file final-v8.pdb (PDB, C-alpha atoms)
ATOM      1  CA  MET A   1       0.155  -2.539  30.278
ATOM      2  CA  THR A   2       3.097  -3.630  28.109
ATOM      3  CA  ASN A   3       0.923  -6.109  26.210
ATOM      4  CA  ARG A   4      -1.598  -3.383  25.408
ATOM      5  CA  SER A   5       1.068  -1.121  23.975
ATOM      6  CA  SER A   6       2.654  -4.015  22.118
ATOM      7  CA  ALA A   7      -0.656  -5.103  20.543
ATOM      8  CA  ARG A   8      -1.355  -1.522  19.469
ATOM      9  CA  ASP A   9       2.150  -1.124  18.026
ATOM     10  CA  ASP A  10       1.837  -4.469  16.242
ATOM     11  CA  MET A  11      -1.415  -3.310  14.638
ATOM     12  CA  LEU A  12       0.174  -0.015  13.545
ATOM     13  CA  ARG A  13       3.131  -1.853  11.999
ATOM     14  CA  SER A  14       0.874  -4.383  10.308
ATOM     15  CA  ALA A  15      -1.403  -1.661   8.960
ATOM     16  CA  ALA A  16       1.553   0.268   7.512
ATOM     17  CA  GLN A  17       2.935  -2.872   5.862
ATOM     18  CA  LEU A  18      -0.422  -3.848   4.401
ATOM     19  CA  PHE A  19      -1.175  -0.313   3.171
ATOM     20  CA  ARG A  20       2.223  -0.211   1.421
ATOM     21  CA  ARG A  21       1.497  -3.469  -0.376
ATOM     22  CA  ARG A  22      -2.259  -3.387  -1.006
ATOM     23  CA  GLY A  23      -3.276   0.217  -0.493
ATOM     24  CA  VAL A  24      -5.625   1.652   2.092
ATOM     25  CA  ASP A  25      -8.910   0.833   0.380
ATOM     26  CA  ALA A  26      -7.997  -2.812  -0.252
ATOM     27  CA  THR A  27      -6.933  -3.417   3.370
ATOM     28  CA  SER A  28      -9.672  -4.249   5.844
ATOM     29  CA  LEU A  29      -9.552  -4.056   9.613
ATOM     30  CA  ALA A  30      -9.811  -7.859   9.638
ATOM     31  CA  ASP A  31      -6.674  -8.021   7.460
ATOM     32  CA  VAL A  32      -4.798  -5.874   9.977
ATOM     33  CA  ILE A  33      -6.001  -7.955  12.933
ATOM     34  CA  ASP A  34      -4.981 -11.195  11.192
ATOM     35  CA  HIS A  35      -1.588  -9.840  10.113
ATOM     36  CA  ALA A  36      -0.848  -8.526  13.628
ATOM     37  CA  GLY A  37      -2.130 -11.662  15.325
ATOM     38  CA  ALA A  38      -4.329  -9.469  17.519
ATOM     39  CA  PRO A  39      -7.586 -10.446  19.232
ATOM     40  CA  ARG A  40     -10.688  -9.578  17.176
ATOM     41  CA  GLY A  41     -12.141  -6.970  19.515
ATOM     42  CA  SER A  42      -8.872  -5.217  20.173
ATOM     43  CA  ILE A  43      -8.843  -2.940  17.153
ATOM     44  CA  TYR A  44     -11.738  -0.796  18.374
ATOM     45  CA  HIS A  45     -10.242  -0.767  21.844
ATOM     46  CA  HIS A  46      -7.023   0.777  20.511
ATOM     47  CA  PHE A  47      -8.588   2.718  17.616
ATOM     48  CA  PRO A  48     -12.096   3.735  18.704
ATOM     49  CA  ARG A  49     -12.589   5.871  15.557
ATOM     50  CA  GLY A  50     -11.991   2.762  13.457
ATOM     51  CA  LYS A  51     -10.169   2.601  10.174
ATOM     52  CA  PRO A  52      -9.721   6.381   9.684
ATOM     53  CA  GLN A  53      -7.857   6.581  13.003
ATOM     54  CA  LEU A  54      -5.781   3.495  12.187
ATOM     55  CA  VAL A  55      -4.809   4.899   8.773
ATOM     56  CA  GLU A  56      -3.889   8.260  10.290
ATOM     57  CA  GLU A  57      -1.795   6.829  13.111
ATOM     58  CA  ALA A  58      -0.084   4.193  10.951
ATOM     59  CA  THR A  59       0.801   6.891   8.415
ATOM     60  CA  ARG A  60       2.058   9.257  11.100
ATOM     61  CA  THR A  61       4.157   6.502  12.716
ATOM     62  CA  ALA A  62       5.623   5.290   9.413
ATOM     63  CA  GLY A  63       6.373   8.874   8.395
ATOM     64  CA  ALA A  64       8.181   9.571  11.674
ATOM     65  CA  GLU A  65      10.226   6.374  11.349
ATOM     66  CA  MET A  66      11.230   7.312   7.810
ATOM     67  CA  SER A  67      12.112  10.842   8.950
ATOM     68  CA  ALA A  68      14.364   9.433  11.673
ATOM     69  CA  MET A  69      16.108   7.143   9.163
ATOM     70  CA  ILE A  70      16.652  10.035   6.743
ATOM     71  CA  SER A  71      17.981  12.229   9.540
ATOM     72  CA  ALA A  72      20.384   9.548  10.764
ATOM     73  CA  GLY A  73      21.625   8.915   7.231
ATOM     74  CA  LEU A  74      22.196  12.598   6.557
ATOM     75  CA  ALA A  75      24.106  13.007   9.815
ATOM     76  CA  SER A  76      26.376  10.031   9.207
ATOM     77  CA  ALA A  77      26.749   9.823   5.419
ATOM     78  CA  GLY A  78      25.560  13.097   3.886
ATOM     79  CA  PRO A  79      22.863  13.894   1.295
ATOM     80  CA  SER A  80      24.081  11.987  -1.760
ATOM     81  CA  ALA A  81      24.790   8.755   0.113
ATOM     82  CA  THR A  82      21.487   9.043   1.985
ATOM     83  CA  VAL A  83      19.510   9.390  -1.255
ATOM     84  CA  ARG A  84      21.301   6.327  -2.624
ATOM     85  CA  ALA A  85      20.514   4.396   0.576
ATOM     86  CA  ILE A  86      16.830   5.376   0.466
ATOM     87  CA  LEU A  87      16.529   4.284  -3.147
ATOM     88  CA  GLU A  88      18.441   1.070  -2.466
ATOM     89  CA  GLY A  89      16.108   0.307   0.434
ATOM     90  CA  PHE A  90      13.034   0.817  -1.718
ATOM     91  CA  ARG A  91      14.607  -1.216  -4.546
ATOM     92  CA  SER A  92      15.280  -4.124  -2.178
ATOM     93  CA  GLU A  93      11.736  -3.985  -0.784
ATOM     94  CA  LEU A  94      10.185  -3.886  -4.244
ATOM     95  CA  LEU A  95      12.189  -6.908  -5.358
ATOM     96  CA  ALA A  96      11.461  -8.800  -2.128
ATOM     97  CA  THR A  97       7.697  -8.165  -2.434
ATOM     98  CA  ASP A  98       7.361  -8.729  -6.185
ATOM     99  CA  PHE A  99       6.872  -4.979  -6.744
ATOM    100  CA  GLU A 100       4.101  -4.593  -4.175
ATOM    101  CA  ALA A 101       5.697  -2.523  -1.372
ATOM    102  CA  GLY A 102       5.953   1.206  -1.928
ATOM    103  CA  CYS A 103       6.269   4.334   0.155
ATOM    104  CA  PRO A 104       4.966   4.034   3.722
ATOM    105  CA  VAL A 105       2.899   7.261   3.597
ATOM    106  CA  ALA A 106       1.817   7.557  -0.048
ATOM    107  CA  PRO A 107      -1.203   5.234   0.308
ATOM    108  CA  ALA A 108      -2.851   7.656   2.748
ATOM    109  CA  ALA A 109      -2.129  10.599   0.447
ATOM    110  CA  LEU A 110      -3.564   8.796  -2.574
ATOM    111  CA  GLU A 111      -6.533   7.031  -1.003
ATOM    112  CA  GLY A 112      -7.428   9.169   1.980
ATOM    113  CA  LEU A 113     -10.750  10.556   0.781
ATOM    114  CA  HIS A 114     -12.530   9.033   3.777
ATOM    115  CA  ALA A 115      -9.755   9.901   6.220
ATOM    116  CA  PRO A 116      -8.739  13.551   5.868
ATOM    117  CA  GLN A 117      -6.574  13.295   8.996
ATOM    118  CA  ALA A 118      -4.587  10.551   7.261
ATOM    119  CA  VAL A 119      -4.058  12.774   4.219
ATOM    120  CA  ALA A 120      -2.857  15.505   6.581
ATOM    121  CA  ALA A 121      -0.502  13.011   8.280
ATOM    122  CA  ALA A 122       0.946  12.070   4.890
ATOM    123  CA  GLY A 123       1.424  15.725   4.005
ATOM    124  CA  GLU A 124       3.124  16.389   7.331
ATOM    125  CA  SER A 125       5.421  13.408   6.755
ATOM    126  CA  PHE A 126       6.476  14.641   3.338
ATOM    127  CA  SER A 127       7.076  18.108   4.807
ATOM    128  CA  SER A 128       9.157  16.620   7.611
ATOM    129  CA  TRP A 129      11.332  14.757   5.118
ATOM    130  CA  GLU A 130      11.784  17.957   3.114
ATOM    131  CA  ASP A 131      12.717  19.863   6.282
ATOM    132  CA  VAL A 132      15.337  17.307   7.299
ATOM    133  CA  ILE A 133      16.942  17.193   3.854
ATOM    134  CA  ALA A 134      16.805  20.977   3.420
ATOM    135  CA  ALA A 135      18.429  21.516   6.827
ATOM    136  CA  SER A 136      21.265  19.187   5.868
ATOM    137  CA  LEU A 137      21.824  21.012   2.572
ATOM    138  CA  TRP A 138      21.646  24.406   4.274
ATOM    139  CA  GLN A 139      24.237  23.287   6.836
ATOM    140  CA  ARG A 140      26.499  22.451   3.889
ATOM    141  CA  GLY A 141      26.355  25.998   2.549
ATOM    142  CA  LEU A 142      23.344  26.175   0.236
ATOM    143  CA  THR A 143      20.814  28.960   0.577
ATOM    144  CA  ARG A 144      17.566  28.157   2.336
ATOM    145  CA  GLU A 145      15.584  28.504  -0.910
ATOM    146  CA  ARG A 146      17.942  26.240  -2.880
ATOM    147  CA  SER A 147      18.014  23.719  -0.031
ATOM    148  CA  TYR A 148      14.219  23.446   0.013
ATOM    149  CA  ALA A 149      13.991  23.309  -3.774
ATOM    150  CA  LEU A 150      16.420  20.388  -3.894
ATOM    151  CA  ALA A 151      14.752  18.643  -0.948
ATOM    152  CA  THR A 152      11.340  18.872  -2.606
ATOM    153  CA  PHE A 153      12.793  17.710  -5.906
ATOM    154  CA  ALA A 154      14.473  14.719  -4.231
ATOM    155  CA  ILE A 155      11.299  13.562  -2.454
ATOM    156  CA  ALA A 156       9.164  14.095  -5.578
ATOM    157  CA  ALA A 157      11.663  12.209  -7.746
ATOM    158  CA  ILE A 158      11.861   9.281  -5.336
ATOM    159  CA  GLU A 159       8.062   9.070  -4.963
ATOM    160  CA  GLY A 160       7.570   9.252  -8.728
ATOM    161  CA  ALA A 161      10.240   6.616  -9.325
ATOM    162  CA  LEU A 162       8.516   4.297  -6.829
ATOM    163  CA  ILE A 163       5.197   4.614  -8.624
ATOM    164  CA  MET A 164       6.841   3.992 -11.992
ATOM    165  CA  ALA A 165       8.778   1.002 -10.657
ATOM    166  CA  LYS A 166       5.614  -0.595  -9.304
ATOM    167  CA  ALA A 167       3.677   0.031 -12.528
ATOM    168  CA  GLN A 168       6.509  -1.094 -14.807
ATOM    169  CA  ARG A 169       7.576  -3.948 -12.523
ATOM    170  CA  SER A 170      11.148  -2.828 -13.006
ATOM    171  CA  THR A 171      13.736  -0.981 -10.943
ATOM    172  CA  THR A 172      14.884   1.067 -13.940
ATOM    173  CA  ALA A 173      13.156   4.263 -12.744
ATOM    174  CA  LEU A 174      14.779   3.883  -9.305
ATOM    175  CA  ASP A 175      18.181   3.185 -10.849
ATOM    176  CA  ARG A 176      18.022   6.238 -13.094
ATOM    177  CA  THR A 177      16.681   8.463 -10.331
ATOM    178  CA  GLU A 178      19.441   7.329  -7.999
ATOM    179  CA  GLY A 179      22.134   8.147 -10.532
ATOM    180  CA  GLU A 180      20.758  11.559 -11.443
ATOM    181  CA  LEU A 181      19.894  12.680  -7.912
ATOM    182  CA  SER A 182      23.254  11.586  -6.538
ATOM    183  CA  ALA A 183      25.129  13.352  -9.324
ATOM    184  CA  LEU A 184      23.056  16.520  -8.908
ATOM    185  CA  LEU A 185      23.546  16.674  -5.147
ATOM    186  CA  GLU A 186      27.264  16.021  -5.405
ATOM    187  CA  ALA A 187      27.698  18.709  -8.076
ATOM    188  CA  VAL A 188      25.649  21.298  -6.179
ATOM    189  CA  LEU A 189      27.481  20.651  -2.912
ATOM    190  CA  GLU A 190      30.878  20.676  -4.611
ATOM    191  CA  ALA A 191      30.071  24.012  -6.289
ATOM    192  CA  SER A 192      28.873  25.418  -2.951
ATOM    193  CA  ALA A 193      32.047  24.318  -1.181
ATOM    194  CA  GLY A 194      34.198  25.874  -3.903
ATOM    195  CA  ARG A 195      32.730  29.365  -3.437
TER     196      ARG A 195
END

call {"tool": "encode", "arguments": {"input": "final-v8.pdb", "output": "structure tokens"}}
result
Amino acid sequence: MTNRSSARDDMLRSAAQLFRRRGVDATSLADVIDHAGAPRGSIYHHFPRGKPQLVEEATRTAGAEMSAMISAGLASAGPSATVRAILEGFRSELLATDFEAGCPVAPAALEGLHAPQAVAAAGESFSSWEDVIAASLWQRGLTRERSYALATFAIAAIEGALIMAKAQRSTTALDRTEGELSALLEAVLEASAGR
């Protein structure tokens, strides 16, 4: 039973990695099987609905993992440091993959025409990240509305910076976004604490 779960998890991880680097449309089931080192017939055993199910579940899993990392960072280091850590992580991955690796859920959002459940999973992931960030800001004294506005802005800025970095083959957009977002969050939280 452990091997079954492990093979399925390996395929989910491989799919998420390949989608981040190549996109959903350019990644075949055979690519995922090869990358995971899984037996040929196993993909339909674990994902009977085929590629749409694999895209959905890989997106959902990657989104949940990212949400957990954001939550842990916020709890231990606070909003500004967490944003810097997220951007540093993406910067490192972009440099290590020659500007191929991007967000773990964006490929489903951008290429999910044939997998509406995957698009929904991406949307739910983005919402989860917003919720976690907004809750952290709210706990630090911001209003609910301001907390959500800043959380949405942070996610949108990071996602946009990732796209720009990949297209420009430069980390400049990430560097600038990191500086501005960190400064904004620090200023807003300092002003809130001084009330």

call {"tool": "closest_residue", "arguments": {"input": "final-v8.pdb", "among": "A:Ser80, A:Ser92, A:Ala115, A:Val132", "to": "Ala187 of chain A", "atoms": "all atoms listed in the file"}}
result
A:Ser80

call {"tool": "closest_residue", "arguments": {"input": "final-v8.pdb", "among": "A:Leu113, A:Ile86, A:Ala15, A:Ala26", "to": "Leu181 of chain A", "atoms": "only C-alpha atoms"}}
result
A:Ile86

call {"tool": "resolve_selection", "arguments": {"input": "final-v8.pdb", "expression": "the PyMOL selection byres ((chain A and resi 29-45) around 8)", "output": "JSON, numbers by chain"}}
result
{"A": [7, 8, 10, 11, 13, 14, 15, 18, 27, 28, 46, 47, 48, 49, 50, 51]}

call {"tool": "write_last_selection", "arguments": {"input": "final-v8.pdb", "atoms": "C-alpha atoms", "output": "CSV table (one decimal), in the coordinates of the input"}}
result
chain,number,residue,atom,x,y,z
A,7,ALA,CA,-0.7,-5.1,20.5
A,8,ARG,CA,-1.4,-1.5,19.5
A,10,ASP,CA,1.8,-4.5,16.2
A,11,MET,CA,-1.4,-3.3,14.6
A,13,ARG,CA,3.1,-1.9,12.0
A,14,SER,CA,0.9,-4.4,10.3
A,15,ALA,CA,-1.4,-1.7,9.0
A,18,LEU,CA,-0.4,-3.8,4.4
A,27,THR,CA,-6.9,-3.4,3.4
A,28,SER,CA,-9.7,-4.2,5.8
A,46,HIS,CA,-7.0,0.8,20.5
A,47,PHE,CA,-8.6,2.7,17.6
A,48,PRO,CA,-12.1,3.7,18.7
A,49,ARG,CA,-12.6,5.9,15.6
A,50,GLY,CA,-12.0,2.8,13.5
A,51,LYS,CA,-10.2,2.6,10.2

call {"tool": "resolve_selection", "arguments": {"input": "final-v8.pdb", "expression": "the PyMOL selection byres ((chain A and resi 105) around 12)", "output": "PyMOL selection string"}}
result
chain A and resi 15-21+23-24+55-67+101-104+106-112+118-129+159

call {"tool": "atom_distance", "arguments": {"input": "final-v8.pdb", "atom1": "atom CA of Arg91 of chain A", "atom2": "atom CA of Glu178 of chain A"}}
result
10.4 Å

call {"tool": "residues_around", "arguments": {"input": "final-v8.pdb", "residues": "Phe153 of chain A", "least_positions_apart": "3", "cutoff": "12 Å", "atoms": "all atoms listed in the file", "output": "list in words"}}
result
Val83, Phe126, Trp129, Glu130, Ile133, Ala134, Arg146, Ser147, Tyr148, Ala149, Leu150, Ala156, Ala157, Ile158, Glu159, Gly160, Ala161, Thr177, Glu180, Leu181, Leu184 and Leu185 of chain A

call {"tool": "closest_residue", "arguments": {"input": "final-v8.pdb", "among": "A:Glu100, A:Asp25, A:Glu186, A:Asp131", "to": "Ile70 of chain A", "atoms": "only C-alpha atoms"}}
result
A:Asp131
